[in-house]
file input29.cif (mmCIF, C-alpha atoms)
data_protein
loop_
_atom_site.label_atom_id
_atom_site.label_comp_id
_atom_site.auth_asym_id
_atom_site.auth_seq_id
_atom_site.Cartn_x
_atom_site.Cartn_y
_atom_site.Cartn_z
CA MET A 162 2.56 -23.16 33.48
CA CYS A 163 0.35 -20.08 34.00
CA ARG A 164 2.35 -17.37 35.73
CA TRP A 165 0.32 -14.33 34.76
CA THR A 166 -0.82 -11.27 36.72
CA PRO A 167 -2.39 -11.72 40.21
CA PRO A 168 -5.97 -10.67 39.29
CA ILE A 169 -6.36 -13.79 37.12
CA ALA A 170 -4.00 -16.13 38.91
CA HIS A 171 -6.93 -17.92 40.56
CA LEU A 172 -8.10 -19.08 37.13
CA CYS A 173 -5.04 -21.33 36.82
CA PRO A 174 -5.02 -23.76 39.80
CA GLU A 175 -2.03 -25.84 40.74
CA PRO A 176 -1.74 -29.11 38.85
CA ALA A 177 -2.27 -31.00 42.13
CA LEU A 178 -5.90 -29.92 42.13
CA ILE A 179 -6.94 -32.09 39.25
CA SER A 180 -9.83 -34.01 40.80
CA ALA A 181 -12.74 -33.52 43.19
CA THR A 182 -15.28 -35.65 44.92
CA VAL A 183 -18.90 -34.97 44.07
CA SER A 184 -21.95 -35.84 46.17
CA THR A 185 -21.94 -39.42 44.88
CA GLY A 186 -18.51 -39.96 46.46
CA ARG A 187 -17.05 -40.67 43.04
CA ALA A 188 -13.90 -38.84 41.97
CA VAL A 189 -14.49 -36.84 38.79
CA PRO A 190 -11.38 -35.51 36.94
CA LEU A 191 -11.26 -31.78 36.43
CA PRO A 192 -10.01 -30.18 33.23
CA THR A 193 -6.29 -30.52 32.74
CA ALA A 194 -3.88 -27.70 33.53
CA ALA A 195 -3.33 -27.18 29.79
CA SER A 196 -7.04 -26.59 29.11
CA LEU A 197 -7.30 -24.17 32.03
CA CYS A 198 -4.31 -22.25 30.78
CA LEU A 199 -5.96 -22.07 27.37
CA ALA A 200 -8.95 -20.46 29.10
CA CYS A 201 -6.56 -17.97 30.69
CA PHE A 202 -5.11 -17.24 27.27
CA ILE A 203 -8.56 -16.53 25.79
CA LEU A 204 -9.44 -14.30 28.74
CA LEU A 205 -6.27 -12.28 28.22
CA LEU A 206 -7.12 -11.84 24.53
CA VAL A 207 -10.50 -10.41 25.51
CA THR A 208 -9.15 -8.10 28.18
CA ALA A 209 -6.08 -6.99 26.21
CA GLY A 210 -8.19 -4.81 23.88
CA THR A 211 -9.69 -2.88 26.81
CA THR A 212 -6.57 -2.47 28.91
CA THR A 213 -5.04 0.98 28.82
CA GLY A 214 -1.46 1.67 28.02
CA ALA A 215 0.78 1.15 25.03
CA CYS A 216 3.15 -1.63 24.18
CA PRO A 217 6.81 -0.89 24.80
CA PRO A 218 8.99 -0.17 21.74
CA GLY A 219 10.09 -3.27 19.89
CA VAL A 220 7.05 -5.32 20.93
CA GLY A 221 4.89 -6.46 18.02
CA ARG A 222 1.12 -6.40 17.89
CA GLU A 223 0.71 -10.17 17.79
CA PRO A 224 -1.20 -11.49 20.83
CA PHE A 225 1.20 -14.42 21.30
CA GLN A 226 4.13 -12.04 21.61
CA VAL A 227 2.29 -9.83 24.10
CA LEU A 228 1.18 -12.74 26.24
CA ALA A 229 4.54 -14.50 26.20
CA GLY A 230 6.13 -11.43 27.72
CA GLY A 231 3.41 -11.01 30.33
CA LEU A 232 2.93 -7.42 29.17
CA ASN A 233 -0.01 -5.27 30.10
CA CYS A 234 -0.60 -3.28 26.92
CA SER A 235 -3.44 -2.60 24.57
CA TRP A 236 -3.99 -4.67 21.45
CA THR A 237 -6.91 -4.35 19.08
CA LEU A 238 -7.66 -5.28 15.48
CA GLU A 239 -7.91 -1.59 14.60
CA ARG A 240 -4.41 -0.90 15.87
CA HIS A 241 -3.10 -3.94 13.99
CA THR A 242 -4.59 -2.65 10.74
CA ARG A 243 -3.13 0.82 11.15
CA SER A 244 0.33 -0.69 11.40
CA TYR A 245 0.17 -1.28 7.63
CA ASN A 246 -0.43 2.37 6.74
CA HIS A 247 3.11 2.64 5.38
CA LEU A 248 1.85 0.76 2.31
CA GLU A 249 -0.38 3.72 1.44
CA GLY A 250 0.02 7.47 1.38
CA ASP A 251 3.70 7.56 0.45
CA VAL A 252 4.36 10.77 -1.52
CA ARG A 253 7.30 11.46 -3.83
CA LEU A 254 8.14 14.58 -5.82
CA ARG A 255 9.63 13.47 -9.13
CA ARG A 256 10.05 14.37 -12.78
CA LEU A 257 9.17 11.43 -15.02
CA TYR A 258 11.94 11.23 -17.61
CA SER A 259 11.17 8.92 -20.49
CA ALA A 260 13.63 6.65 -22.25
CA ASN A 261 12.94 8.84 -25.30
CA LYS A 262 14.52 11.76 -23.40
CA PHE A 263 11.37 13.74 -22.62
CA PHE A 264 9.91 14.87 -19.32
CA LEU A 265 6.23 14.10 -18.89
CA CYS A 266 4.20 17.25 -18.18
CA ILE A 267 0.60 18.34 -17.73
CA ASP A 268 -0.31 21.95 -18.54
CA LYS A 269 -3.11 23.96 -16.95
CA THR A 270 -5.52 23.11 -19.78
CA GLY A 271 -5.15 19.39 -19.08
CA LYS A 272 -2.97 18.63 -22.08
CA VAL A 273 -0.37 15.92 -21.55
CA ASP A 274 2.89 16.35 -23.42
CA GLY A 275 6.64 15.86 -23.27
CA THR A 276 9.33 18.51 -22.85
CA ARG A 277 13.11 18.50 -22.94
CA ARG A 278 13.30 21.36 -20.44
CA LYS A 279 14.55 19.83 -17.22
CA ASN A 280 13.13 22.43 -14.82
CA TYR A 281 9.85 23.07 -16.61
CA PRO A 282 7.25 23.77 -13.86
CA ASP A 283 4.53 21.56 -15.37
CA SER A 284 6.84 18.52 -15.34
CA LEU A 285 7.17 18.33 -11.54
CA MET A 286 4.88 15.54 -10.36
CA GLU A 287 3.58 14.38 -7.01
CA ILE A 288 3.48 10.59 -7.08
CA ARG A 289 1.27 9.26 -4.30
CA SER A 290 0.84 5.57 -3.41
CA VAL A 291 -2.88 4.90 -3.09
CA SER A 292 -2.48 1.14 -2.51
CA VAL A 293 0.22 -1.48 -2.91
CA GLY A 294 1.77 -1.02 -6.36
CA VAL A 295 -0.80 1.61 -7.42
CA VAL A 296 -0.09 5.34 -7.66
CA ALA A 297 -1.78 8.62 -8.52
CA ILE A 298 0.29 11.20 -10.43
CA LYS A 299 -0.51 14.90 -9.97
CA SER A 300 1.08 18.01 -11.44
CA VAL A 301 2.43 20.19 -8.64
CA SER A 302 2.08 23.41 -10.65
CA ASN A 303 -1.64 23.15 -11.44
CA GLY A 304 -3.00 20.27 -9.33
CA LEU A 305 -4.28 18.24 -12.30
CA TYR A 306 -4.14 14.45 -12.09
CA LEU A 307 -2.75 12.31 -14.87
CA ALA A 308 -5.63 10.21 -16.17
CA MET A 309 -6.35 7.79 -19.01
CA SER A 310 -9.63 7.49 -20.85
CA LYS A 311 -11.31 4.28 -21.92
CA LYS A 312 -9.77 4.78 -25.39
CA GLY A 313 -6.26 5.12 -23.95
CA THR A 314 -5.95 8.90 -24.26
CA LEU A 315 -3.93 10.71 -21.60
CA PHE A 316 -5.33 13.92 -20.09
CA GLY A 317 -5.24 16.04 -16.96
CA SER A 318 -8.20 15.54 -14.63
CA VAL A 319 -9.38 18.20 -12.19
CA LYS A 320 -10.83 15.58 -9.84
CA TYR A 321 -9.23 12.38 -8.62
CA ASN A 322 -11.16 9.35 -9.87
CA PRO A 323 -10.54 5.67 -10.79
CA SER A 324 -9.14 6.72 -14.20
CA CYS A 325 -6.27 8.40 -12.32
CA LYS A 326 -4.92 5.17 -10.84
CA PHE A 327 -1.89 3.55 -12.45
CA LYS A 328 -0.02 0.36 -11.67
CA GLU A 329 3.64 1.22 -11.13
CA ARG A 330 6.20 -1.43 -11.98
CA ILE A 331 9.98 -1.36 -12.00
CA GLU A 332 11.28 -3.02 -15.15
CA GLU A 333 14.51 -4.96 -15.59
CA ASN A 334 16.33 -1.93 -17.02
CA GLY A 335 15.55 0.13 -13.90
CA TYR A 336 12.87 2.27 -15.55
CA ASN A 337 9.25 2.36 -14.38
CA THR A 338 6.12 1.63 -16.39
CA TYR A 339 2.66 2.98 -15.57
CA ALA A 340 -0.38 1.01 -16.71
CA SER A 341 -3.99 2.10 -16.23
CA LEU A 342 -5.59 0.22 -13.36
CA ARG A 343 -9.11 0.82 -14.64
CA TRP A 344 -8.90 0.38 -18.39
CA LYS A 345 -7.66 -2.37 -20.68
CA HIS A 346 -7.87 -2.91 -24.43
CA GLY A 347 -8.74 -6.41 -25.55
CA GLY A 348 -7.51 -7.74 -22.22
CA ARG A 349 -4.14 -6.02 -22.62
CA GLN A 350 -2.84 -3.31 -20.33
CA MET A 351 -2.65 0.26 -21.59
CA PHE A 352 0.47 2.23 -20.68
CA VAL A 353 1.47 5.84 -20.23
CA SER A 354 3.70 6.54 -23.21
CA LEU A 355 5.56 9.34 -25.03
CA ASN A 356 6.69 8.77 -28.61
CA GLY A 357 9.96 9.91 -30.20
CA ARG A 358 8.57 13.43 -30.67
CA GLY A 359 7.43 13.75 -27.07
CA LYS A 360 3.76 13.28 -27.90
CA PRO A 361 1.53 10.92 -25.88
CA ARG A 362 0.63 7.66 -27.55
CA ARG A 363 -2.71 5.90 -27.16
CA GLY A 364 -2.47 3.37 -24.39
CA HIS A 365 -3.46 0.42 -26.58
CA LYS A 366 -0.59 1.18 -28.99
CA ALA A 367 2.08 0.98 -26.28
CA ARG A 368 3.73 -2.15 -24.98
CA ARG A 369 5.54 -2.78 -21.73
CA ARG A 370 8.92 -3.46 -23.35
CA HIS A 371 8.81 -0.47 -25.67
CA PRO A 372 11.11 2.44 -24.64
CA SER A 373 8.24 4.91 -25.05
CA THR A 374 6.57 3.47 -21.93
CA HIS A 375 9.70 3.56 -19.76
CA PHE A 376 10.09 6.42 -17.29
CA LEU A 377 12.79 7.22 -14.78
CA PRO A 378 11.47 9.06 -11.69
CA MET A 379 14.11 11.76 -11.18
CA LEU A 380 14.54 13.85 -8.05
CA PRO A 381 13.87 17.54 -8.67
CA SER A 382 16.97 19.72 -8.71
#
call {"tool": "encode", "arguments": {"input": "input29.cif", "output": "structure tokens"}}
result
Amino acid sequence: MCRWTPPIAHLCPEPALISATVSTGRAVPLPTAASLCLACFILLLVTAGTTTGACPPGVGREPFQVLAGGLNCSWTLERHTRSYNHLEGDVRLRRLYSANKFFLCIDKTGKVDGTRRKNYPDSLMEIRSVSVGVVAIKSVSNGLYLAMSKKGTLFGSVKYNPSCKFKERIEENGYNTYASLRWKHGGRQMFVSLNGRGKPRRGHKARRRHPSTHFLPMLPS
């Protein structure tokens, strides 16, 4: 059963060697081949993290997969964790176009507003994934982060902080909604919203299904 590399082959004896005679002359059964192979498996798990070399392309980081192939490659918990980095750090350059036909923008004073000008510099946003389903939105022109206060007011923040985190969700109509991760009002989520005049609405006055909270992330032209 255990056909691994020569340095540890002696740990897996042939099944024929399953008993021995002790000084009393009485035959005492040794551990079964299956239990010895389990010991080999544990030993490989311990040594795999210290072995140099990388796994060949197409081989996962699961220990069972590595051992089944008899591969001599490194495997550690740290490497396994880093394999999920694609869930964070994703950056997109977009203009957030509301269902009310306004582009969300942040000017250099930190004022959040809406504009109908498609190529307005303050409307180009960097949308960065900070965790699964959570994003930070930053104006490319001035570096200010979109933030929401405890009262639901939108503003541009110089520094990135928990008030700058928004839960991004794709709605049934294909538009996105952005709800504050940090703040709620009476247990209800507060959303980024632009009214029919392009002015920001207080987060507690907006609802998920209302067109004022729906934004289409458009590629810059």
call {"tool": "resolve_selection", "arguments": {"input": "input29.cif", "expression": "the PyMOL selection byres ((chain A and resi 287) around 10)", "output": "ChimeraX atom specification"}}
result
/A:252-256,284-286,288-290,296-302,304,306
call {"tool": "atom_distance", "arguments": {"input": "input29.cif", "atom1": "CA of Gly364 in chain A", "atom2": "CA of Pro282 in chain A"}}
result
24.9 Å
call {"tool": "closest_residue", "arguments": {"input": "input29.cif", "among": "A:Thr314, A:Asn303, A:Asn356, A:Ser292", "to": "Glu329 in chain A", "atoms": "only C-alpha atoms"}}
result
A:Ser292
call {"tool": "closest_residue", "arguments": {"input": "input29.cif", "among": "A:Phe316, A:Trp344, A:Tyr321, A:Phe352", "to": "Val291 in chain A", "atoms": "only C-alpha atoms"}}
result
A:Tyr321
call {"tool": "closest_residue", "arguments": {"input": "input29.cif", "among": "A:Asn322, A:Arg368, A:Gly275, A:Leu380", "to": "Tyr339 in chain A", "atoms": "only C-alpha atoms"}}
result
A:Arg368
call {"tool": "residues_around", "arguments": {"input": "input29.cif", "residues": "Asp274 in chain A", "least_positions_apart": "6", "cutoff": "7 Å", "atoms": "all atoms listed in the file", "output": "MDAnalysis selection string"}}
result
chainID A and resid 265:267 359:361
call {"tool": "atom_distance", "arguments": {"input": "input29.cif", "atom1": "CA of Tyr258 in chain A", "atom2": "CA of Pro378 in chain A"}}
result
6.3 Å
call {"tool": "atom_distance", "arguments": {"input": "input29.cif", "atom1": "CA of Asp268 in chain A", "atom2": "CA of Lys320 in chain A"}}
result
15.1 Å
call {"tool": "closest_residue", "arguments": {"input": "input29.cif", "among": "A:Val293, A:Ala367, A:Ala340, A:Met379", "to": "Leu355 in chain A", "atoms": "all atoms listed in the file"}}
result
A:Ala367
call {"tool": "residues_around", "arguments": {"input": "input29.cif", "residues": "Leu315 in chain A", "least_positions_apart": "2", "cutoff": "10 Å", "atoms": "all atoms listed in the file", "output": "PDB file with C-alpha atoms, in the coordinates of the input"}}
result
ATOM      1  CA  ILE A 267       0.600  18.340 -17.730  1.00  0.00           C
ATOM      2  CA  GLY A 271      -5.150  19.390 -19.080  1.00  0.00           C
ATOM      3  CA  LYS A 272      -2.970  18.630 -22.080  1.00  0.00           C
ATOM      4  CA  VAL A 273      -0.370  15.920 -21.550  1.00  0.00           C
ATOM      5  CA  ASP A 274       2.890  16.350 -23.420  1.00  0.00           C
ATOM      6  CA  LEU A 307      -2.750  12.310 -14.870  1.00  0.00           C
ATOM      7  CA  ALA A 308      -5.630  10.210 -16.170  1.00  0.00           C
ATOM      8  CA  MET A 309      -6.350   7.790 -19.010  1.00  0.00           C
ATOM      9  CA  SER A 310      -9.630   7.490 -20.850  1.00  0.00           C
ATOM     10  CA  LYS A 311     -11.310   4.280 -21.920  1.00  0.00           C
ATOM     11  CA  LYS A 312      -9.770   4.780 -25.390  1.00  0.00           C
ATOM     12  CA  GLY A 313      -6.260   5.120 -23.950  1.00  0.00           C
ATOM     13  CA  GLY A 317      -5.240  16.040 -16.960  1.00  0.00           C
ATOM     14  CA  SER A 318      -8.200  15.540 -14.630  1.00  0.00           C
ATOM     15  CA  SER A 324      -9.140   6.720 -14.200  1.00  0.00           C
ATOM     16  CA  CYS A 325      -6.270   8.400 -12.320  1.00  0.00           C
ATOM     17  CA  PHE A 352       0.470   2.230 -20.680  1.00  0.00           C
ATOM     18  CA  VAL A 353       1.470   5.840 -20.230  1.00  0.00           C
ATOM     19  CA  SER A 354       3.700   6.540 -23.210  1.00  0.00           C
ATOM     20  CA  PRO A 361       1.530  10.920 -25.880  1.00  0.00           C
ATOM     21  CA  ARG A 362       0.630   7.660 -27.550  1.00  0.00           C
ATOM     22  CA  ARG A 363      -2.710   5.900 -27.160  1.00  0.00           C
ATOM     23  CA  GLY A 364      -2.470   3.370 -24.390  1.00  0.00           C
TER      24      GLY A 364
END
